[in-house]
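Novice: Structure file structure.txt (compact mmCIF, C-alpha atoms) is given on the next line.
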# COMPACT_ATOMS: atom_id res chain seq x y z
CA MET A 28 15.79 -29.31 -3.49
CA THR A 29 13.50 -30.14 -0.55
CA VAL A 30 10.30 -32.14 -0.79
CA ASP A 31 7.50 -31.79 1.76
CA ASP A 32 5.14 -34.48 2.99
CA THR A 33 2.81 -33.86 0.05
CA GLY A 34 5.50 -35.01 -2.33
CA SER A 35 6.11 -31.47 -3.58
CA ASP A 36 9.31 -29.48 -3.63
CA ALA A 37 9.57 -25.92 -2.36
CA ALA A 38 8.23 -24.55 -5.62
CA GLY A 39 5.12 -26.70 -5.42
CA ARG A 40 6.18 -29.32 -8.03
CA ARG A 41 5.57 -33.00 -7.48
CA ALA A 42 8.73 -34.97 -6.83
CA ASP A 43 7.72 -37.48 -9.46
CA ALA A 44 6.81 -34.81 -12.05
CA PRO A 45 9.04 -34.43 -15.12
CA PRO A 46 11.74 -31.78 -14.88
CA LEU A 47 10.34 -28.30 -15.40
CA SER A 48 12.75 -27.54 -18.21
CA THR A 49 11.51 -30.58 -20.12
CA SER A 50 7.86 -29.61 -19.71
CA LEU A 51 8.60 -26.06 -20.76
CA GLU A 52 10.45 -27.13 -23.86
CA ARG A 53 7.51 -29.12 -25.07
CA GLY A 54 5.01 -26.51 -23.80
CA ASP A 55 2.66 -29.19 -22.38
CA PRO A 56 -0.34 -27.79 -24.26
CA HIS A 57 -2.59 -30.81 -23.67
CA ASP A 58 -4.32 -29.25 -20.65
CA ALA A 59 -4.64 -25.80 -22.17
CA ASP A 60 -7.57 -24.26 -23.88
CA PRO A 61 -7.23 -24.92 -27.64
CA GLY A 62 -7.11 -21.18 -28.29
CA GLU A 63 -4.53 -20.45 -25.59
CA ASP A 64 -1.15 -19.04 -26.52
CA PRO A 65 1.54 -21.72 -25.95
CA LEU A 66 4.00 -19.07 -24.77
CA ALA A 67 1.48 -17.77 -22.22
CA LEU A 68 1.20 -21.32 -20.88
CA ARG A 69 4.98 -21.68 -20.70
CA LEU A 70 5.25 -18.37 -18.84
CA GLU A 71 2.53 -19.47 -16.41
CA GLN A 72 4.38 -22.73 -15.71
CA LEU A 73 7.64 -20.85 -15.22
CA ILE A 74 6.12 -18.38 -12.75
CA LEU A 75 4.00 -20.89 -10.83
CA GLY A 76 6.71 -23.53 -10.86
CA ALA A 77 4.16 -26.25 -11.58
CA GLU A 78 1.98 -27.67 -14.32
CA ARG A 79 -1.80 -27.61 -14.52
CA ARG A 80 -3.09 -30.82 -12.98
CA TYR A 81 -6.39 -30.22 -11.19
CA THR A 82 -9.88 -28.96 -11.70
CA PRO A 83 -11.14 -26.83 -8.76
CA PHE A 84 -13.11 -29.83 -7.45
CA GLN A 85 -10.07 -32.11 -7.65
CA ALA A 86 -7.86 -29.50 -5.95
CA ALA A 87 -10.36 -29.05 -3.10
CA ARG A 88 -10.67 -32.80 -2.63
CA SER A 89 -6.90 -33.26 -2.68
CA ALA A 90 -6.50 -30.48 -0.10
CA GLY A 91 -9.18 -32.06 2.10
CA VAL A 92 -11.49 -29.04 2.12
CA SER A 93 -15.03 -28.54 0.92
CA MET A 94 -15.60 -27.03 -2.50
CA GLU A 95 -17.54 -24.21 -0.82
CA LEU A 96 -14.60 -23.25 1.40
CA ALA A 97 -12.14 -23.58 -1.48
CA SER A 98 -14.28 -21.23 -3.56
CA ARG A 99 -14.40 -18.71 -0.71
CA PHE A 100 -10.62 -18.78 -0.43
CA TRP A 101 -10.05 -18.42 -4.17
CA ARG A 102 -12.51 -15.58 -4.56
CA ALA A 103 -10.99 -13.83 -1.54
CA MET A 104 -7.58 -14.05 -3.20
CA GLY A 105 -9.08 -12.37 -6.27
CA PHE A 106 -9.16 -15.33 -8.65
CA ALA A 107 -12.02 -15.68 -11.11
CA ASP A 108 -14.33 -18.68 -11.21
CA ILE A 109 -13.08 -21.11 -13.87
CA GLY A 110 -15.82 -23.73 -13.73
CA GLN A 111 -14.21 -27.16 -13.77
CA ALA A 112 -11.35 -26.44 -16.14
CA LYS A 113 -8.09 -28.22 -15.37
CA ALA A 114 -6.11 -25.10 -14.52
CA LEU A 115 -4.85 -25.55 -10.94
CA THR A 116 -1.50 -26.80 -9.75
CA GLU A 117 0.04 -28.57 -6.78
CA ALA A 118 0.83 -25.13 -5.36
CA ASP A 119 -2.90 -24.29 -5.33
CA VAL A 120 -3.61 -27.47 -3.41
CA LEU A 121 -0.85 -26.70 -0.92
CA ALA A 122 -2.17 -23.15 -0.37
CA LEU A 123 -5.66 -24.48 0.33
CA ARG A 124 -4.28 -27.10 2.68
CA ARG A 125 -2.27 -24.51 4.60
CA LEU A 126 -5.19 -22.10 5.04
CA ALA A 127 -7.53 -24.90 6.07
CA GLY A 128 -4.85 -26.25 8.43
CA LEU A 129 -4.61 -22.90 10.23
CA VAL A 130 -8.37 -23.02 10.78
CA GLU A 131 -8.35 -26.64 11.94
CA ALA A 132 -5.51 -25.92 14.38
CA GLY A 133 -7.50 -23.07 15.90
CA LEU A 134 -4.89 -20.47 14.96
CA LEU A 135 -7.34 -18.63 12.72
CA SER A 136 -11.10 -18.57 12.51
CA GLU A 137 -12.57 -19.31 9.11
CA ALA A 138 -13.55 -15.65 8.72
CA MET A 139 -10.02 -14.55 9.60
CA ALA A 140 -8.50 -17.01 7.12
CA VAL A 141 -10.71 -15.53 4.38
CA GLN A 142 -9.60 -12.05 5.44
CA VAL A 143 -5.95 -13.11 5.26
CA ALA A 144 -6.57 -14.47 1.76
CA ARG A 145 -8.34 -11.28 0.69
CA SER A 146 -5.75 -8.85 2.07
CA THR A 147 -2.90 -10.86 0.56
CA GLY A 148 -4.68 -11.15 -2.79
CA GLN A 149 -5.50 -7.45 -3.04
CA THR A 150 -2.00 -6.34 -2.11
CA THR A 151 -0.14 -8.74 -4.38
CA ALA A 152 -2.54 -8.14 -7.29
CA ARG A 153 -1.66 -4.47 -7.27
CA LEU A 154 2.03 -5.27 -6.98
CA ALA A 155 1.87 -7.70 -9.89
CA GLU A 156 0.00 -5.20 -12.08
CA TRP A 157 2.54 -2.51 -11.32
CA GLN A 158 5.47 -4.81 -12.08
CA ILE A 159 4.03 -5.80 -15.43
CA ASP A 160 2.83 -2.33 -16.45
CA SER A 161 5.81 -0.26 -15.31
CA PHE A 162 8.68 -2.67 -14.89
CA LEU A 163 8.61 -5.56 -17.32
CA GLU A 164 7.01 -3.53 -20.09
CA GLY A 165 10.07 -1.29 -20.30
CA LEU A 166 12.60 -4.08 -19.87
CA THR A 167 11.11 -6.33 -22.52
CA GLU A 168 11.45 -3.91 -25.41
CA PRO A 169 13.16 -5.97 -28.15
CA PRO A 170 16.86 -5.06 -28.08
CA GLU A 171 17.38 -5.94 -31.74
CA PRO A 172 15.30 -5.47 -34.90
CA GLY A 173 13.36 -8.56 -35.79
CA MET A 174 13.08 -9.84 -32.20
CA THR A 175 9.62 -10.05 -30.70
CA ARG A 176 8.71 -9.03 -27.17
CA THR A 177 7.76 -12.62 -26.41
CA GLU A 178 11.26 -13.81 -27.34
CA VAL A 179 12.69 -11.46 -24.71
CA THR A 180 10.11 -11.92 -21.95
CA TYR A 181 10.65 -15.59 -21.11
CA PRO A 182 14.41 -15.53 -20.39
CA LEU A 183 14.04 -12.21 -18.58
CA ILE A 184 11.40 -13.54 -16.21
CA GLU A 185 13.45 -16.70 -15.76
CA LEU A 186 16.34 -14.57 -14.48
CA LEU A 187 14.31 -12.06 -12.46
CA LEU A 188 11.83 -14.39 -10.78
CA PRO A 189 14.02 -15.87 -8.00
CA GLU A 190 15.58 -12.49 -7.20
CA LEU A 191 12.25 -10.67 -7.03
CA GLU A 192 10.71 -13.47 -4.98
CA GLU A 193 13.44 -13.27 -2.34
CA PHE A 194 13.27 -9.48 -2.29
CA ILE A 195 9.49 -9.46 -1.81
CA VAL A 196 9.76 -11.89 1.09
CA TYR A 197 12.51 -9.73 2.64
CA VAL A 198 10.42 -6.54 2.41
CA TRP A 199 7.34 -8.34 3.76
CA ARG A 200 9.29 -9.61 6.77
CA ARG A 201 10.63 -6.13 7.44
CA GLN A 202 7.15 -4.61 7.22
CA LEU A 203 5.73 -7.39 9.40
CA ALA A 204 8.40 -6.74 12.03
CA ALA A 205 7.59 -3.01 12.04
CA ALA A 206 3.83 -3.61 12.26
CA THR A 207 4.29 -6.16 15.06
CA GLY A 208 6.41 -3.67 16.96
CA ARG A 209 3.61 -1.09 16.77
CA VAL A 210 1.08 -3.63 18.03
CA VAL A 211 3.06 -4.84 21.04
CA GLN A 212 3.65 -1.25 22.13
CA ALA A 213 -0.10 -0.57 22.17
CA ALA A 214 -1.43 0.29 25.62
CA ASP A 215 -4.20 -2.31 25.58
CA ASP A 216 -6.00 -4.81 23.37
CA GLU A 217 -8.52 -2.24 22.13
CA GLU A 218 -5.72 0.06 20.98
CA MET A 219 -4.41 -2.70 18.73
CA VAL A 220 -7.48 -2.24 16.51
CA ASP A 221 -8.85 1.18 17.44
CA ARG A 222 -5.82 3.45 17.81
CA ARG A 223 -5.30 7.18 18.15
CA LEU A 224 -3.51 8.25 15.02
CA ALA A 225 -2.79 11.37 13.02
CA VAL A 226 -4.37 10.87 9.60
CA CYS A 227 -3.45 12.98 6.60
CA PHE A 228 -4.73 13.40 3.04
CA ALA A 229 -2.59 15.27 0.49
CA ASP A 230 -4.37 16.18 -2.74
CA LEU A 231 -3.12 17.61 -6.03
CA VAL A 232 -5.01 20.79 -6.96
CA GLY A 233 -6.72 20.88 -10.36
CA PHE A 234 -5.93 17.28 -11.25
CA THR A 235 -9.17 16.82 -13.22
CA ARG A 236 -8.25 19.74 -15.49
CA LEU A 237 -4.78 18.27 -15.97
CA THR A 238 -6.24 14.99 -17.19
CA ARG A 239 -7.97 16.87 -20.02
CA ARG A 240 -4.91 18.70 -21.33
CA MET A 241 -2.02 16.32 -20.66
CA GLU A 242 -1.01 13.29 -22.66
CA GLU A 243 -1.54 9.98 -20.90
CA GLU A 244 2.18 9.30 -20.63
CA GLU A 245 2.84 12.76 -19.15
CA LEU A 246 0.00 12.30 -16.68
CA GLY A 247 1.35 8.92 -15.66
CA GLU A 248 4.81 10.38 -15.06
CA LEU A 249 3.34 13.21 -12.96
CA VAL A 250 1.36 10.81 -10.80
CA GLU A 251 4.35 8.53 -10.36
CA ALA A 252 6.57 11.46 -9.36
CA PHE A 253 3.98 12.65 -6.83
CA GLU A 254 3.50 9.20 -5.33
CA THR A 255 7.26 8.59 -5.18
CA THR A 256 7.93 11.93 -3.48
CA ALA A 257 5.15 11.35 -0.97
CA ALA A 258 6.19 7.76 -0.24
CA ASP A 259 9.83 8.75 0.31
CA LEU A 260 8.98 11.62 2.66
CA VAL A 261 6.45 9.60 4.64
CA ALA A 262 8.87 6.73 5.14
CA ALA A 263 11.89 8.93 5.91
CA HIS A 264 10.12 10.82 8.69
CA GLY A 265 8.43 7.90 10.41
CA GLY A 266 4.93 7.88 8.94
CA ARG A 267 3.08 5.06 7.22
CA LEU A 268 1.75 5.37 3.68
CA VAL A 269 -1.73 3.84 3.75
CA LYS A 270 -2.60 4.15 0.07
CA THR A 271 -2.26 6.27 -3.04
CA LEU A 272 -5.24 7.30 -5.16
CA GLY A 273 -3.62 8.86 -8.22
CA ASP A 274 -4.00 12.53 -7.33
CA GLU A 275 -4.17 11.89 -3.59
CA VAL A 276 -2.16 10.10 -0.92
CA LEU A 277 -3.29 8.98 2.52
CA TYR A 278 -0.78 8.47 5.30
CA ALA A 279 -0.86 8.07 9.07
CA ALA A 280 1.51 8.66 11.96
CA ASP A 281 1.45 7.87 15.66
CA GLU A 282 2.25 11.48 16.56
CA PRO A 283 0.76 14.68 15.11
CA GLY A 284 4.24 16.27 15.12
CA VAL A 285 5.48 13.61 12.72
CA ALA A 286 2.45 13.98 10.44
CA ALA A 287 2.79 17.79 10.45
CA GLU A 288 6.48 17.67 9.50
CA ILE A 289 5.74 15.32 6.60
CA ALA A 290 2.89 17.51 5.33
CA LEU A 291 4.93 20.72 5.33
CA ARG A 292 7.96 19.02 3.76
CA LEU A 293 5.72 17.60 1.05
CA ILE A 294 4.35 21.05 0.20
CA GLU A 295 7.84 22.59 0.29
CA THR A 296 9.27 19.86 -1.94
CA MET A 297 6.45 20.08 -4.47
CA ALA A 298 6.68 23.90 -4.57
CA HIS A 299 10.27 23.63 -5.84
CA ASP A 300 9.17 21.50 -8.80
CA GLU A 301 7.68 23.62 -11.57
CA THR A 302 6.11 20.59 -13.23
CA MET A 303 4.00 19.80 -10.16
CA PRO A 304 0.57 21.27 -9.39
CA GLU A 305 -0.15 22.92 -6.06
CA LEU A 306 -1.08 20.77 -3.10
CA ARG A 307 -3.62 20.96 -0.33
CA VAL A 308 -3.47 18.95 2.86
CA GLY A 309 -5.98 18.06 5.58
CA MET A 310 -5.15 16.31 8.87
CA ALA A 311 -7.06 15.09 11.90
CA PHE A 312 -6.10 13.31 15.11
CA GLY A 313 -8.23 10.77 16.94
CA THR A 314 -9.41 7.20 17.17
CA VAL A 315 -8.98 5.25 13.95
CA THR A 316 -10.09 1.73 13.08
CA THR A 317 -7.54 -0.24 11.08
CA ARG A 318 -8.56 -3.11 8.80
CA MET A 319 -6.52 -4.90 6.12
CA GLY A 320 -3.91 -2.14 6.09
CA ASP A 321 -6.50 0.61 5.60
CA VAL A 322 -7.92 3.13 8.08
CA PHE A 323 -11.55 4.01 8.75
CA GLY A 324 -13.69 6.17 11.00
CA SER A 325 -14.79 9.74 11.63
CA THR A 326 -11.18 10.92 12.08
CA VAL A 327 -10.36 9.75 8.53
CA ASN A 328 -13.55 11.36 7.18
CA LEU A 329 -12.70 14.64 8.90
CA ALA A 330 -9.18 14.68 7.45
CA SER A 331 -10.66 14.13 3.99
CA ARG A 332 -13.18 16.98 4.42
CA LEU A 333 -10.47 19.35 5.67
CA THR A 334 -8.44 18.55 2.56
CA SER A 335 -11.32 19.59 0.32
CA ILE A 336 -11.55 23.06 1.96
CA ALA A 337 -7.83 23.69 2.47
CA PRO A 338 -6.25 26.64 0.61
CA ARG A 339 -3.68 25.89 -2.09
CA ASP A 340 -0.26 24.87 -0.74
CA ALA A 341 -1.63 24.95 2.80
CA VAL A 342 -2.38 22.54 5.64
CA LEU A 343 -5.58 22.49 7.69
CA VAL A 344 -5.85 20.48 10.92
CA ASP A 345 -8.71 19.80 13.29
CA GLY A 346 -8.97 20.97 16.91
CA ALA A 347 -7.76 17.66 18.38
CA PHE A 348 -4.66 17.77 16.16
CA ALA A 349 -3.94 21.37 17.24
CA GLU A 350 -4.41 20.53 20.93
CA GLU A 351 -1.97 17.63 20.68
CA LEU A 352 0.68 19.82 19.02
CA ILE A 353 0.26 22.36 21.84
CA ARG A 354 0.41 19.65 24.52
CA THR A 355 3.64 18.18 23.17
CA GLY A 356 5.30 21.59 22.82
CA ASP A 357 5.46 21.43 19.04
CA ALA A 358 3.35 24.59 18.69
CA PRO A 359 2.33 27.47 20.99
CA ALA A 360 -1.32 28.02 21.81
CA SER A 361 -0.96 31.56 20.49
CA GLU A 362 1.71 34.04 19.48
CA ALA A 363 1.03 36.00 22.68
CA GLU A 364 1.78 32.89 24.74
CA ALA A 365 4.95 32.25 22.73
CA ALA A 366 6.15 35.84 23.32
CA GLU A 367 5.35 35.59 27.04
CA ALA A 368 7.22 32.29 27.37
CA ALA A 369 10.25 33.79 25.57
CA ALA A 370 10.24 36.86 27.82
CA THR A 371 10.04 34.70 30.95
CA ALA A 372 12.90 32.50 29.76
CA GLU A 373 15.07 35.55 28.99
CA LYS A 374 14.38 37.05 32.44
CA GLU A 375 15.42 33.81 34.13
CA GLY A 376 18.46 33.35 31.93
CA GLU A 377 17.11 30.24 30.27
CA GLU A 378 16.80 29.18 26.68
CA PRO A 379 13.41 30.21 25.25
CA PRO A 380 11.12 27.43 24.02
CA VAL A 381 11.53 26.52 20.36
CA TYR A 382 8.34 25.66 18.52
CA ARG A 383 8.40 23.82 15.20
CA PHE A 384 4.92 24.83 14.07
CA ALA A 385 2.48 27.72 14.25
CA LEU A 386 -1.29 27.41 14.47
CA GLN A 387 -3.84 29.97 13.36
CA PRO A 388 -7.55 29.38 14.08
CA MET A 389 -9.82 29.72 11.07
CA TRP A 390 -13.53 30.48 10.86
CA GLN A 391 -15.80 27.72 12.11
CA ARG A 392 -17.70 26.09 9.32
CA PRO A 393 -20.12 23.22 8.78
CA VAL A 394 -18.58 20.08 7.31
CA ARG A 395 -20.91 17.68 5.56
CA GLY A 396 -21.72 14.71 7.77
CA LEU A 397 -19.53 15.91 10.66
CA GLY A 398 -21.24 19.05 11.96
CA VAL A 399 -19.45 22.33 12.68
CA VAL A 400 -15.65 22.21 12.92
CA GLU A 401 -12.99 24.83 13.60
CA PRO A 402 -10.02 24.25 11.30
CA TRP A 403 -6.57 25.48 12.19
CA LEU A 404 -4.03 26.62 9.62
CA LEU A 405 -0.71 24.87 10.23
CA THR A 406 2.53 26.55 9.14
CA ARG A 407 6.20 26.13 9.88
CA ARG A 408 7.55 28.42 12.60
CA VAL A 409 11.09 29.72 12.52
CA GLY A 410 12.80 31.02 15.66
CA PRO A 411 11.77 31.03 19.33
CA VAL A 412 9.18 33.83 19.06
Kindly present the structure from the file in structure tokens form.
Specialist:
Amino acid sequence: MTVDDTGSDAAGRRADAPPLSTSLERGDPHDADPGEDPLALRLEQLILGAERRYTPFQAARSAGVSMELASRFWRAMGFADIGQAKALTEADVLALRRLAGLVEAGLLSEAMAVQVARSTGQTTARLAEWQIDSFLEGLTEPPEPGMTRTEVTYPLIELLLPELEEFIVYVWRRQLAAATGRVVQAADDEEMVDRRLAVCFADLVGFTRLTRRMEEEELGELVEAFETTAADLVAAHGGRLVKTLGDEVLYAADEPGVAAEIALRLIETMAHDETMPELRVGMAFGTVTTRMGDVFGSTVNLASRLTSIAPRDAVLVDGAFAEELIRTGDAPASEAEAAEAAATAEKEGEEPPVYRFALQPMWQRPVRGLGVVEPWLLTRRVGPV
């Protein structure tokens, strides 16, 4: 066990604090709300690795930061105001001290530190909710009659916690390495924030009607299957899943060819599953602003609008997306051009060009908030002509 200069070990416990096992055995209810469940307190201590010791004011003072800044950090992380209840631990103090230290050292501005706290809080909150709702709920079903869920939960979390913690850190490091690689390959500083990306929305058709006639458990399984299929395909083919919205997924890719392949594979995969509704997909290519792992801008809005007007089991792309596919040789400008290129190659004894995709211009139409656009229908193309 290592102890830092605050007198805490790696889990945030004071070196002079009683052993955790001892405190858990007795439950240490003296700092808890009188109506609080003793087991809930024990689970909190197990997960946090520390006992409640501080009010928010005491924690801020111990960390050497103002109460105002501490409150900003806590709210950014998604934690509710608790007045001056004694509910914070040494780990909370250490987190405040670290954030404030990054600001004092000039590594982060105060606004950036708050943004780091907010992005981390939002991401981990969703992860924690998913783990409890979908993971622990199933695992903590009492294995024997007469056992309560609470009797199973504590030892299970005690076993899982260190393994899950190490795994989460591993995945985060991997994702951080990948994101850093994308940034350093950017052409200039502006491209690090405002990049040209292919943005894609994939939307389940008739999802609202499904919610009215399907049981909640069935609906949950359908959504999970859709999100899992989309996430696997996006990752396997080099895209980045931005977020899932139940009946819709949003992903991005550096190259339109990558985004197009994912979209068509997603439709093809879903079409082979009779339990899945039809899908419609809209994609656009252009400058995108990235913030806190999300994407914003007119390119994203256009992709969303194209999704809403796409035919069932079909993909619509904007003009910029189509032009980029033509420029990179992933699609011909027209079938006449493809036939001409094949004839020329045959005459010269060369291999004809092989296009992955076909593009068909659709009728121009007004799109709310974006003016008149000319969508292109994207399909898979087999053979050289």
Novice: What's the separation between atom CA of Thr296 of chain A and atom CA of Ala252 of chain A, in Å to one decimal place?
Specialist: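 Here the two named atoms are 11.5 Å from each other.
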Novice: Using all atoms listed in the file, can you tell me which of A:Val308, A:Val269, A:Ala286, A:Ile74 comes closest to Pro338 of chain A?
Specialist: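 Closest to Pro338 of chain A of all the choices is A:Val308.
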Novice: In terms of the shortest atom-to-atom distance over only C-alpha atoms, which of A:Glu251, A:Glu71, A:Glu243, A:Asp108 is closest to Phe84 of chain A?
Specialist: A:Asp108
Novice: Figure out the distance between atom CA of Val381 of chain A and atom CA of Pro359 of chain A, please, to one decimal in Å.
Specialist: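 It comes out at 9.3 Å.
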Novice: Name the closest residue to Asp160 of chain A among the candidates A:Gly148, A:Leu260, A:Gly247, A:Arg125; distances are taken between atoms, counting all atoms listed in the file.
Specialist: A:Gly247
Novice: Skipping near chain neighbours, those fewer than 4 positions away, what residues fall within 10 Å of Arg408 of chain A using all atoms listed in the file, listed as a list of chain:residue names?
Specialist: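 Near Arg408 of chain A, the qualifying residues are A:Asp357, A:Ala358, A:Pro359, A:Val381, A:Tyr382, A:Arg383, A:Phe384, A:Ala385, A:Leu386, A:Val412.
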Novice: Which residue, A:Val322, A:Leu329, A:Ala229, A:Leu268, has the smallest gap to Arg292 of chain A when you use all atoms listed in the file?
Specialist: A:Ala229
Novice: Quote the spacing between atom CA of Leu306 of chain A and atom CA of Ile294 of chain A in Å to one decimal place.
Specialist: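 We find that atom CA of Leu306 of chain A and atom CA of Ile294 of chain A lie 6.4 Å from each other.
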Novice: So which one's closest to Ala290 of chain A, A:Leu272, A:Val226, A:Ile353, A:Val141? Using all atoms listed in the file, please.
Specialist: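 Closest to Ala290 of chain A of all the choices is A:Val226.
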Novice: Between A:Ala205, A:Ile159, A:Ala87, A:Ala258, which residue has the minimum interatomic distance to Ala122 of chain A, considering all atoms listed in the file?
Specialist: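 Smallest separation from Ala122 of chain A among the options: A:Ala87.
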Novice: Excluding Phe100 of chain A and any residue of its chain fewer than 2 positions from it, enumerate the residues within 8 Å of it, using only C-alpha atoms, and give them as a PyMOL selection string.
Specialist: chain A and resi 96-98+102-104+123+141+144-145
